[in-house]
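Have a look at the structure below before the remarks.
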Amino acid sequence: MNKKQKNVLYRIIISAIVLSILLLVEKVSVLKNINKWIIFAMYMVPYVIIGYDIIIKAFKGIKNKQPFDECLLMVIATIGAISIGLIEDGDYIEAIAVMWFYQVGELFQSYAVGKSRRNISDLMDICPEYANVLDEDGNIEETDPEDVEVGSKIVVKPGEKIPIDGVVIDGETSLDTAALTGESVPRKVRKNDEVISGCININSAIKVETTKLYEDSTVAKVFELIEDASSRKSKSEKFISKFARYYTPIVVYAALALTICPPIFLMFAGKDADFKVWLYRALTFLVISCPCALVISIPLSFFAGIGSASREGILVKGSNFLEGLAETKTIVFDKTGTLTKGVFEVVAIHPKTLEAKELLHLVAHVERYSNHPIANSIRNAFPDENDSCDVSDITEIAGQGVEAMVNGHKVSVGNTKLMDMIGAKWNNCSKLKGTVIHVALDHIYQGHIVISDVLKPNSARAIAELKKNGIKQTVMLTGDSKDAAENVANELKIDNVYSELLPQDKVLKFEKILGNKDRKNDVVAFVGDGINDAPVLSRADIGIAMGVLGSDAAIEAADIVLMDDDPLKITTAIKISKKCIRIVRENIYFAIGIKVICLLLGAIGVANMWFAIFADVGVMVIAVLNAIRCLRIKK
């Protein structure tokens, strides 16, 4: 418990002890001959102890011209009950009990929020307090991570957090990535491996060269996502906020009408208009009407759901996206880096006139400055590209390939569209499945290279699990060749595949998928990782980005980020969202249903103040208990 919660607990205990002593003293008849004002003052001690902060909040609400909240309802109801006790029999127990049980419920709710917050606070603990920067003399200086420049060399000792994203330049160790990815298995890193901020070094010291500023590093992005999450409300939360805004003043005026109208009607009818009876019913009506169960449990359910997702390495930017994910019927995937590892390998070289090595040599020169995964695979296959060859005029043609001048000859490397554009008569590869890179020298076709991507281990299982969890349609959009795309789609059992798409074609195709939704409320999600996926991610109803390997642009545009790039986590996110929405609806139906029944019983005099306490605090406690079930998800 925090300091505030402990303070409330102490007040609950002290007020209960004082009230018990007063009841015990009253039982032995010591108070019978004492003045009623003294008795009143004695009973006000536990009332003030337990309820002074509620009274202050109510008056602040009136002062700020926002009086209609649960604090005002509690104050009106308890002061009214005290007034009846003062006029009649000196019974103040009900008024004190209303405030006491209300504080118990609030404490319980506060503790539940704290429990759900711990999953997110664990993420907040990834924040590095300092960076061990190496100066020119090799000395270590503790520096604020925000002051560390790109290209700085830092030392990360065992037990310390990596403060900034970078590349290992010396040493070998294991990293604890659980706070970021939800994975318990340590990740081994060595020289030339990329490392991300927020991971904890387990074994031995490593030297890292920073590749980003702190503000652009993974840990800063995570904080930004968490801070923004609470500002994006779900439809259910907006409904409850709007409901409470109109509901509370309505019940206050209804209670006032219940106090005045029936006695006046009875008086004109010539019957006994017992004002105190109707005042007591109105006060009971107010206690019953307090909307705590809804106002507290609905946001708590979403908060717990977001916390549960973060524990699994899934960052949700707002409860509206968690709600939308539960209604998703179609999921559209990018291929490379999303369903596949994005790690390409040269599996075959089929030259036409040149030697195989010479064909690979030319392609490696043309792809020298490209960061595309295919270019990386070619450079890996031909590492000796930095020879005496003269390479100039490198031109990238979007969605087609790359052209360059190599030793005075024009070399064109790309897909069939590029070959058609330059007039080279190409032939496809019928032997192997994969991405075919065609090569032309001075517009004359020279052969092709076959590149194969590797599926992620959980991709097939992810697609199968998604269909089990209510996803009606899976689609894949890719710029890859038709054969390579259909090969992946068939292996993963994806329903529809669209290949050879330029970045702008992906947006147009996705727009068409959005327009073909079965129902207006159906949600279409897109999963991607690359910078060219950002336009589609931002256009999707729900954009899901692969976080660790994904580009900054994709993470910025996405609504949900998978920190460990595992597509199976999409199923986990959907399970969490559906459980969360189910619990939210249960709480809405339960709380409103009980309130309506109890309000009717209170209005006709069947329900007393003790019954009202259950209708308020009891329903709230049950709703909160149900809400914190969102913290647990079956694996």
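Please note that chains go A, B, ... in the order of the structure tokens, that every chain numbers its residues from 1, and that ligands are numbered from 1 in the order shown.
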
For region 86-109 of chain A against region 586-608 of chain A, with a cut-off of 12 Å and counting only C-alpha atoms, what is the closest atom pair and its distance in Å to one decimal for every residue that makes the cut, ordered by chain and number, as a tab-separated table?
residue	atom	partner	partner_atom	distance
A:Glu94	CA	A:Asn608	CA	9.6
A:Ala95	CA	A:Asn608	CA	11.9
A:Val98	CA	A:Asn608	CA	11.6

Per residue of region 291-318 of chain A within 9 Å of region 156-180 of chain A, which atom pair is closest and at what distance in Å (one decimal), using only C-alpha atoms, listed by chain and increasing number, as CSV?
residue,atom,partner,partner_atom,distance
A:Ser310,CA,A:Leu180,CA,8.1
A:Arg311,CA,A:Ala179,CA,7.3
A:Glu312,CA,A:Leu180,CA,8.5
A:Gly313,CA,A:Leu180,CA,5.6
A:Ile314,CA,A:Leu180,CA,8.6

Report task. Could you give me the residues within region 307-423 of chain A that DSSP places in strand (DSSP E), as a PyMOL selection string? Result -> chain A and resi 314-316+328-334+345-351+391-397+401-406+409-414

Using only C-alpha atoms, please write the residues we just selected to a file, as a short mmCIF file (atom, residue, chain, number, x, y, z; two decimals), in the first residue's frame.
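Contents of selection-v6.cif, freshly written:
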data_model
loop_
_atom_site.label_atom_id
_atom_site.label_comp_id
_atom_site.auth_asym_id
_atom_site.auth_seq_id
_atom_site.Cartn_x
_atom_site.Cartn_y
_atom_site.Cartn_z
CA ILE A 314 2.26 -5.96 -26.13
CA LEU A 315 1.99 -2.17 -25.89
CA VAL A 316 -1.54 -0.86 -26.50
CA THR A 328 -11.62 -7.36 -35.43
CA LYS A 329 -12.81 -9.75 -38.15
CA THR A 330 -10.13 -9.26 -40.83
CA ILE A 331 -6.36 -9.09 -40.37
CA VAL A 332 -4.11 -7.98 -43.22
CA PHE A 333 -0.40 -8.85 -43.02
CA ASP A 334 2.71 -7.50 -44.62
CA GLU A 345 19.60 -16.00 -48.48
CA VAL A 346 20.88 -16.54 -52.01
CA VAL A 347 19.75 -20.08 -52.80
CA ALA A 348 20.55 -20.22 -56.53
CA ILE A 349 22.33 -18.34 -59.35
CA HIS A 350 21.16 -19.04 -62.90
CA PRO A 351 23.36 -17.11 -65.40
CA VAL A 391 30.41 2.13 -59.65
CA SER A 392 28.40 5.32 -60.30
CA ASP A 393 24.94 6.72 -61.05
CA ILE A 394 23.08 4.37 -58.70
CA THR A 395 19.35 4.92 -59.19
CA GLU A 396 16.60 3.18 -57.23
CA ILE A 397 13.32 2.71 -59.10
CA GLY A 401 14.71 -2.39 -58.65
CA VAL A 402 18.04 -0.57 -58.94
CA GLU A 403 20.23 0.56 -61.83
CA ALA A 404 23.90 1.64 -61.82
CA MET A 405 26.89 2.18 -64.07
CA VAL A 406 29.58 -0.47 -63.39
CA HIS A 409 28.22 -0.52 -68.44
CA LYS A 410 24.63 -0.08 -67.30
CA VAL A 411 23.55 -2.86 -64.95
CA SER A 412 19.83 -3.27 -64.16
CA VAL A 413 18.82 -5.40 -61.17
CA GLY A 414 15.17 -5.93 -60.21
#

Query - Selection near Ile296 (chain A), 9 Å with only C-alpha atoms, sequence-local residues under 5 positions removed, as a PyMOL selection string - result: chain A and resi 109+291+301+620+623-624

Query raised in the report: Taking into account only C-alpha atoms, which residue in the set A:Lys63, A:Lys6, A:Lys235, A:Lys456 is nearest to Glu323 (chain A)?
Result: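 Looking at the shortest contact to Glu323 (chain A), the residue is A:Lys235.
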
Query raised in the report: Where does DSSP see helix (DSSP H, G or I) in region 219-322 of chain A, if you list the residues as a VMD selection string?
Result: chain A and resid 219 to 229 235 to 268 275 to 289 292 to 311 319 to 322

Query raised in the report: Using only C-alpha atoms, which of the listed residues (A:Ala254, A:Ile82, A:Val189, A:Met546) sits closest to Asn201 (chain A)?
Result: A:Val189

Distance query region 483-497 of chain A at most 9 Å, only C-alpha atoms, self and fewer than 6 positions along chain excluded, as a short mmCIF file (atom, residue, chain, number, x, y, z; two decimals) with N, CA and C atoms, in the first residue's frame:
data_model
loop_
_atom_site.label_atom_id
_atom_site.label_comp_id
_atom_site.auth_asym_id
_atom_site.auth_seq_id
_atom_site.Cartn_x
_atom_site.Cartn_y
_atom_site.Cartn_z
N LYS A 335 4.33 -9.11 -45.53
CA LYS A 335 5.04 -10.40 -45.52
C LYS A 335 6.43 -10.28 -44.88
N LEU A 339 5.59 -11.84 -41.27
CA LEU A 339 5.37 -13.29 -41.24
C LEU A 339 6.67 -14.05 -41.50
N THR A 340 7.60 -13.38 -42.15
CA THR A 340 8.91 -13.98 -42.38
C THR A 340 9.96 -13.23 -41.57
N LYS A 433 11.39 -22.04 -55.63
CA LYS A 433 10.43 -21.05 -55.19
C LYS A 433 11.16 -20.00 -54.34
N GLY A 434 10.83 -18.75 -54.59
CA GLY A 434 11.47 -17.67 -53.86
C GLY A 434 11.38 -16.38 -54.65
N THR A 435 12.11 -15.37 -54.20
CA THR A 435 12.15 -14.10 -54.90
C THR A 435 13.21 -14.16 -55.98
N VAL A 436 12.82 -13.86 -57.21
CA VAL A 436 13.74 -13.92 -58.34
C VAL A 436 14.23 -12.52 -58.67
N SER A 452 15.62 -16.51 -51.10
CA SER A 452 14.55 -17.13 -50.32
C SER A 452 14.49 -16.52 -48.92
N ASP A 453 13.29 -16.18 -48.50
CA ASP A 453 13.07 -15.67 -47.14
C ASP A 453 12.70 -16.83 -46.23
N LEU A 455 10.45 -18.25 -43.00
CA LEU A 455 9.27 -17.99 -42.18
C LEU A 455 9.64 -17.92 -40.70
N SER A 459 4.67 -18.29 -37.23
CA SER A 459 3.75 -17.68 -38.20
C SER A 459 2.57 -18.59 -38.53
N ALA A 460 2.84 -19.85 -38.83
CA ALA A 460 1.76 -20.78 -39.18
C ALA A 460 0.80 -20.98 -38.01
N ARG A 461 1.37 -21.14 -36.83
CA ARG A 461 0.54 -21.32 -35.63
C ARG A 461 -0.28 -20.06 -35.35
N ALA A 462 0.32 -18.88 -35.60
CA ALA A 462 -0.39 -17.61 -35.36
C ALA A 462 -1.63 -17.51 -36.23
N ILE A 463 -1.49 -17.86 -37.52
CA ILE A 463 -2.65 -17.80 -38.43
C ILE A 463 -3.73 -18.77 -37.99
N ALA A 464 -3.33 -19.98 -37.61
CA ALA A 464 -4.30 -20.99 -37.15
C ALA A 464 -5.03 -20.52 -35.89
N GLN A 473 -11.15 -13.62 -41.81
CA GLN A 473 -10.38 -13.52 -43.05
C GLN A 473 -8.96 -13.05 -42.76
N THR A 474 -7.98 -13.73 -43.35
CA THR A 474 -6.58 -13.29 -43.28
C THR A 474 -6.11 -12.96 -44.70
N VAL A 475 -5.39 -11.85 -44.80
CA VAL A 475 -4.95 -11.36 -46.12
C VAL A 475 -3.47 -11.01 -46.01
N MET A 476 -2.72 -11.19 -47.11
CA MET A 476 -1.32 -10.80 -47.15
C MET A 476 -1.08 -9.84 -48.31
N LEU A 477 -0.45 -8.70 -48.02
CA LEU A 477 -0.05 -7.74 -49.04
C LEU A 477 1.47 -7.70 -49.09
#

Report task. Considering only C-alpha atoms, state which residue in the set A:Gly618, A:Gly324, A:Gly447, A:Pro503 is at the smallest distance from Val363 (chain A). Result -> A:Gly447

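Nearest residue to Ser289 (chain A) among A:Ile200, A:Ala77, A:Ile56, A:Leu19 is A:Ala77, counting only C-alpha atoms.
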